[in-house]
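Undergrad: Would you mind keeping the following structure in view while I ask a few things?
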Amino acid sequence: MEVNRRQFFKICGAGIGASSLAALGVAPEPAYADSIRHFKLANTREARNTCPYCSVGCGVILYSRGSGGKNVSQNIFHIEGDADHPVNRGTLCPKGAGLVDFIQSPSRLQYPQVREPGSNEWKRISWDDAFKRIARLVKDDRDANFIERNDSGDTVNRWLSTGFLAASASSNEAGYMTHKVVRSLGILGFDNQARV
Ligand code: SF4
């Protein structure tokens with residue numbers, strides 16, 4: 001860079017002024033390491049999952065705190081799109097981006113409940129009781145209503161009095177297995193948001 005005589009004196013004047021300000025104590029305060037905000041995802045546990053809202057099935061990463069040790073409960077505090085997921089490549093729509101509120105909602109259902117016939121109250125039951133109850137009711141209803149042949153004598157093997165709704169967040173493999181189980185029982189009323 002070429003500097004003429006006038007420019008040279010200007011540069012020298014600016015340098016002297018800056019060092020004088022520092023000498024007078026009006027220079028900026030030094031920054032200390034303890035004032036740095038730590039990266040919020042440091043020391044967290046990651047779990048990959050699928051957004052449960054719609055059939056697009058975007059991949060998400062759930063970040064939680066907690067060591068995972070006995071008597072330590074994990075707390076999911078941040079969710080973001082999974083950049084390695086082939087469906088969404090890290091993006092999420094506003095619904096998916098707000099998933100953490102759904103997880104932490106005080107009205108979120110976290111355990112099985114039953115409302116007995118004639119009752120207007122929901123009662124909490126254990127997972128074991130829920131599975132036993134579902135199995136019992138499925139068996140009883142299928143035994144009572146399974147149709148082997150139609151009026152013409154053709155084999156139809158259908159069960160029309162029970163339906164099945166499956167989750168949109170299922171993987172291809174889970175969806176395939178769900179389809180096989182439901183159809184093998186003879187259920188025709190079957191839907192899945194992901195259109196298995
Ligand atoms: S993030 Fe949005 S588009 Fe993706 S699965 Fe969830 S609701 Fe559907």
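By convention here, the chains of the structure tokens are called A, B, ... in the order presented, each chain's residues are numbered starting at 1, and ligands are numbered starting at 1 in the order presented.
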Within 10 Å of ligand 1, which residues show up when you count only C-alpha atoms and all ligand atoms? List them as a VMD selection string, please.
TA: chain A and resid 50 to 60 80 to 81 87 to 88 90 to 99 168 to 169
Undergrad: Keeping only N, CA and C atoms, write the selected residues as a PDB file, in the first residue's frame.
TA:
```pdb
ATOM      1  N   THR A  50     -39.143 -40.042  15.651  1.00  0.00           N
ATOM      2  CA  THR A  50     -39.925 -39.542  14.519  1.00  0.00           C
ATOM      3  C   THR A  50     -41.025 -38.643  15.045  1.00  0.00           C
ATOM      4  N   CYS A  51     -41.244 -37.523  14.392  1.00  0.00           N
ATOM      5  CA  CYS A  51     -42.323 -36.619  14.804  1.00  0.00           C
ATOM      6  C   CYS A  51     -43.655 -37.372  14.725  1.00  0.00           C
ATOM      7  N   PRO A  52     -44.474 -37.302  15.767  1.00  0.00           N
ATOM      8  CA  PRO A  52     -45.704 -38.096  15.787  1.00  0.00           C
ATOM      9  C   PRO A  52     -46.889 -37.415  15.112  1.00  0.00           C
ATOM     10  N   TYR A  53     -46.729 -36.211  14.611  1.00  0.00           N
ATOM     11  CA  TYR A  53     -47.899 -35.440  14.206  1.00  0.00           C
ATOM     12  C   TYR A  53     -48.498 -35.832  12.866  1.00  0.00           C
ATOM     13  N   CYS A  54     -47.671 -35.999  11.846  1.00  0.00           N
ATOM     14  CA  CYS A  54     -48.299 -36.241  10.544  1.00  0.00           C
ATOM     15  C   CYS A  54     -47.540 -37.283   9.751  1.00  0.00           C
ATOM     16  N   SER A  55     -48.103 -37.634   8.608  1.00  0.00           N
ATOM     17  CA  SER A  55     -47.583 -38.763   7.836  1.00  0.00           C
ATOM     18  C   SER A  55     -46.282 -38.446   7.102  1.00  0.00           C
ATOM     19  N   VAL A  56     -45.824 -37.201   7.155  1.00  0.00           N
ATOM     20  CA  VAL A  56     -44.528 -36.910   6.554  1.00  0.00           C
ATOM     21  C   VAL A  56     -43.430 -37.703   7.276  1.00  0.00           C
ATOM     22  N   GLY A  57     -43.569 -37.808   8.605  1.00  0.00           N
ATOM     23  CA  GLY A  57     -42.637 -38.633   9.371  1.00  0.00           C
ATOM     24  C   GLY A  57     -41.239 -38.059   9.483  1.00  0.00           C
ATOM     25  N   CYS A  58     -41.134 -36.778   9.820  1.00  0.00           N
ATOM     26  CA  CYS A  58     -39.821 -36.139   9.924  1.00  0.00           C
ATOM     27  C   CYS A  58     -39.017 -36.720  11.085  1.00  0.00           C
ATOM     28  N   GLY A  59     -37.713 -36.825  10.879  1.00  0.00           N
ATOM     29  CA  GLY A  59     -36.828 -37.315  11.935  1.00  0.00           C
ATOM     30  C   GLY A  59     -36.470 -36.194  12.897  1.00  0.00           C
ATOM     31  N   VAL A  60     -36.451 -36.499  14.183  1.00  0.00           N
ATOM     32  CA  VAL A  60     -36.108 -35.498  15.197  1.00  0.00           C
ATOM     33  C   VAL A  60     -35.027 -36.061  16.122  1.00  0.00           C
ATOM     34  N   GLU A  80     -34.819 -30.886  17.941  1.00  0.00           N
ATOM     35  CA  GLU A  80     -34.573 -30.244  16.650  1.00  0.00           C
ATOM     36  C   GLU A  80     -34.609 -31.290  15.542  1.00  0.00           C
ATOM     37  N   GLY A  81     -34.698 -30.831  14.309  1.00  0.00           N
ATOM     38  CA  GLY A  81     -34.748 -31.743  13.179  1.00  0.00           C
ATOM     39  C   GLY A  81     -33.440 -32.510  13.026  1.00  0.00           C
ATOM     40  N   VAL A  87     -35.943 -37.864   5.165  1.00  0.00           N
ATOM     41  CA  VAL A  87     -37.221 -37.213   4.883  1.00  0.00           C
ATOM     42  C   VAL A  87     -37.108 -35.697   4.996  1.00  0.00           C
ATOM     43  N   ASN A  88     -36.570 -35.208   6.096  1.00  0.00           N
ATOM     44  CA  ASN A  88     -36.629 -33.763   6.342  1.00  0.00           C
ATOM     45  C   ASN A  88     -35.273 -33.069   6.344  1.00  0.00           C
ATOM     46  N   GLY A  90     -33.191 -32.317   8.511  1.00  0.00           N
ATOM     47  CA  GLY A  90     -32.974 -31.341   9.581  1.00  0.00           C
ATOM     48  C   GLY A  90     -34.068 -30.300   9.718  1.00  0.00           C
ATOM     49  N   THR A  91     -34.979 -30.218   8.761  1.00  0.00           N
ATOM     50  CA  THR A  91     -36.025 -29.195   8.858  1.00  0.00           C
ATOM     51  C   THR A  91     -37.217 -29.728   9.646  1.00  0.00           C
ATOM     52  N   LEU A  92     -38.009 -28.817  10.198  1.00  0.00           N
ATOM     53  CA  LEU A  92     -39.266 -29.177  10.866  1.00  0.00           C
ATOM     54  C   LEU A  92     -40.274 -28.078  10.582  1.00  0.00           C
ATOM     55  N   CYS A  93     -41.541 -28.443  10.440  1.00  0.00           N
ATOM     56  CA  CYS A  93     -42.583 -27.429  10.302  1.00  0.00           C
ATOM     57  C   CYS A  93     -42.874 -26.865  11.704  1.00  0.00           C
ATOM     58  N   PRO A  94     -43.688 -25.808  11.819  1.00  0.00           N
ATOM     59  CA  PRO A  94     -43.930 -25.213  13.145  1.00  0.00           C
ATOM     60  C   PRO A  94     -44.474 -26.214  14.168  1.00  0.00           C
ATOM     61  N   LYS A  95     -45.287 -27.146  13.715  1.00  0.00           N
ATOM     62  CA  LYS A  95     -45.806 -28.136  14.666  1.00  0.00           C
ATOM     63  C   LYS A  95     -44.686 -28.998  15.227  1.00  0.00           C
ATOM     64  N   GLY A  96     -43.862 -29.498  14.328  1.00  0.00           N
ATOM     65  CA  GLY A  96     -42.748 -30.336  14.777  1.00  0.00           C
ATOM     66  C   GLY A  96     -41.754 -29.538  15.606  1.00  0.00           C
ATOM     67  N   ALA A  97     -41.555 -28.276  15.249  1.00  0.00           N
ATOM     68  CA  ALA A  97     -40.599 -27.451  15.988  1.00  0.00           C
ATOM     69  C   ALA A  97     -41.082 -27.166  17.407  1.00  0.00           C
ATOM     70  N   GLY A  98     -42.406 -27.314  17.650  1.00  0.00           N
ATOM     71  CA  GLY A  98     -42.944 -27.078  18.992  1.00  0.00           C
ATOM     72  C   GLY A  98     -43.140 -28.359  19.786  1.00  0.00           C
ATOM     73  N   LEU A  99     -42.519 -29.443  19.351  1.00  0.00           N
ATOM     74  CA  LEU A  99     -42.748 -30.744  19.997  1.00  0.00           C
ATOM     75  C   LEU A  99     -42.424 -30.759  21.485  1.00  0.00           C
ATOM     76  N   SER A 168     -48.677 -42.757  12.962  1.00  0.00           N
ATOM     77  CA  SER A 168     -47.993 -42.282  11.763  1.00  0.00           C
ATOM     78  C   SER A 168     -46.485 -42.313  11.944  1.00  0.00           C
ATOM     79  N   ALA A 169     -46.040 -42.349  13.174  1.00  0.00           N
ATOM     80  CA  ALA A 169     -44.600 -42.288  13.421  1.00  0.00           C
ATOM     81  C   ALA A 169     -43.923 -43.646  13.345  1.00  0.00           C
TER      82      ALA A 169
END
```
Undergrad: What parts of stretch 57-191 of chain A does DSSP call strand (DSSP E)? I'd like the answer as a PyMOL selection string.
TA: chain A and resi 59-65+75-81+113-114+123-124+147-149+155-166+187-191
Undergrad: Would you output that residue set with C-alpha atoms, as a PDB file, in the first residue's frame?
TA:
```pdb
ATOM      1  CA  GLY A  59     -36.828 -37.315  11.935  1.00  0.00           C
ATOM      2  CA  VAL A  60     -36.108 -35.498  15.197  1.00  0.00           C
ATOM      3  CA  ILE A  61     -33.360 -35.538  17.802  1.00  0.00           C
ATOM      4  CA  LEU A  62     -34.444 -35.350  21.443  1.00  0.00           C
ATOM      5  CA  TYR A  63     -31.949 -33.816  23.858  1.00  0.00           C
ATOM      6  CA  SER A  64     -32.241 -34.616  27.523  1.00  0.00           C
ATOM      7  CA  ARG A  65     -30.416 -33.946  30.752  1.00  0.00           C
ATOM      8  CA  ASN A  75     -35.675 -34.457  31.175  1.00  0.00           C
ATOM      9  CA  ILE A  76     -36.171 -33.626  27.489  1.00  0.00           C
ATOM     10  CA  PHE A  77     -35.593 -29.911  27.102  1.00  0.00           C
ATOM     11  CA  HIS A  78     -34.768 -29.410  23.427  1.00  0.00           C
ATOM     12  CA  ILE A  79     -35.831 -30.976  20.123  1.00  0.00           C
ATOM     13  CA  GLU A  80     -34.573 -30.244  16.650  1.00  0.00           C
ATOM     14  CA  GLY A  81     -34.748 -31.743  13.179  1.00  0.00           C
ATOM     15  CA  GLN A 113     -56.578 -45.287  31.644  1.00  0.00           C
ATOM     16  CA  VAL A 114     -59.921 -47.041  31.445  1.00  0.00           C
ATOM     17  CA  LYS A 123     -59.319 -44.700  36.091  1.00  0.00           C
ATOM     18  CA  ARG A 124     -55.553 -45.200  35.927  1.00  0.00           C
ATOM     19  CA  ILE A 147     -67.220 -64.335   9.923  1.00  0.00           C
ATOM     20  CA  GLU A 148     -65.717 -67.272   8.110  1.00  0.00           C
ATOM     21  CA  ARG A 149     -68.079 -67.431   5.135  1.00  0.00           C
ATOM     22  CA  THR A 155     -64.583 -67.965   2.545  1.00  0.00           C
ATOM     23  CA  VAL A 156     -64.134 -64.361   3.726  1.00  0.00           C
ATOM     24  CA  ASN A 157     -62.449 -64.661   7.166  1.00  0.00           C
ATOM     25  CA  ARG A 158     -63.375 -61.172   8.273  1.00  0.00           C
ATOM     26  CA  TRP A 159     -63.938 -59.460  11.584  1.00  0.00           C
ATOM     27  CA  LEU A 160     -65.941 -56.263  11.245  1.00  0.00           C
ATOM     28  CA  SER A 161     -66.821 -55.330  14.819  1.00  0.00           C
ATOM     29  CA  THR A 162     -63.335 -54.070  15.788  1.00  0.00           C
ATOM     30  CA  GLY A 163     -61.102 -51.516  14.080  1.00  0.00           C
ATOM     31  CA  PHE A 164     -57.481 -50.560  14.474  1.00  0.00           C
ATOM     32  CA  LEU A 165     -55.724 -47.210  14.320  1.00  0.00           C
ATOM     33  CA  ALA A 166     -51.927 -47.210  14.013  1.00  0.00           C
ATOM     34  CA  ILE A 187     -59.856 -56.788  10.715  1.00  0.00           C
ATOM     35  CA  LEU A 188     -60.951 -54.682   7.742  1.00  0.00           C
ATOM     36  CA  GLY A 189     -61.431 -51.380   9.600  1.00  0.00           C
ATOM     37  CA  PHE A 190     -57.747 -50.430   9.695  1.00  0.00           C
ATOM     38  CA  ASP A 191     -56.189 -47.042   9.178  1.00  0.00           C
TER      39      ASP A 191
END
```
Undergrad: With distances taken over only C-alpha atoms, which residue among A:Pro112, A:Lys180, A:Pro28, A:Asn49 lies nearest A:Ser126?
TA: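 Nearest to A:Ser126: A:Pro112.
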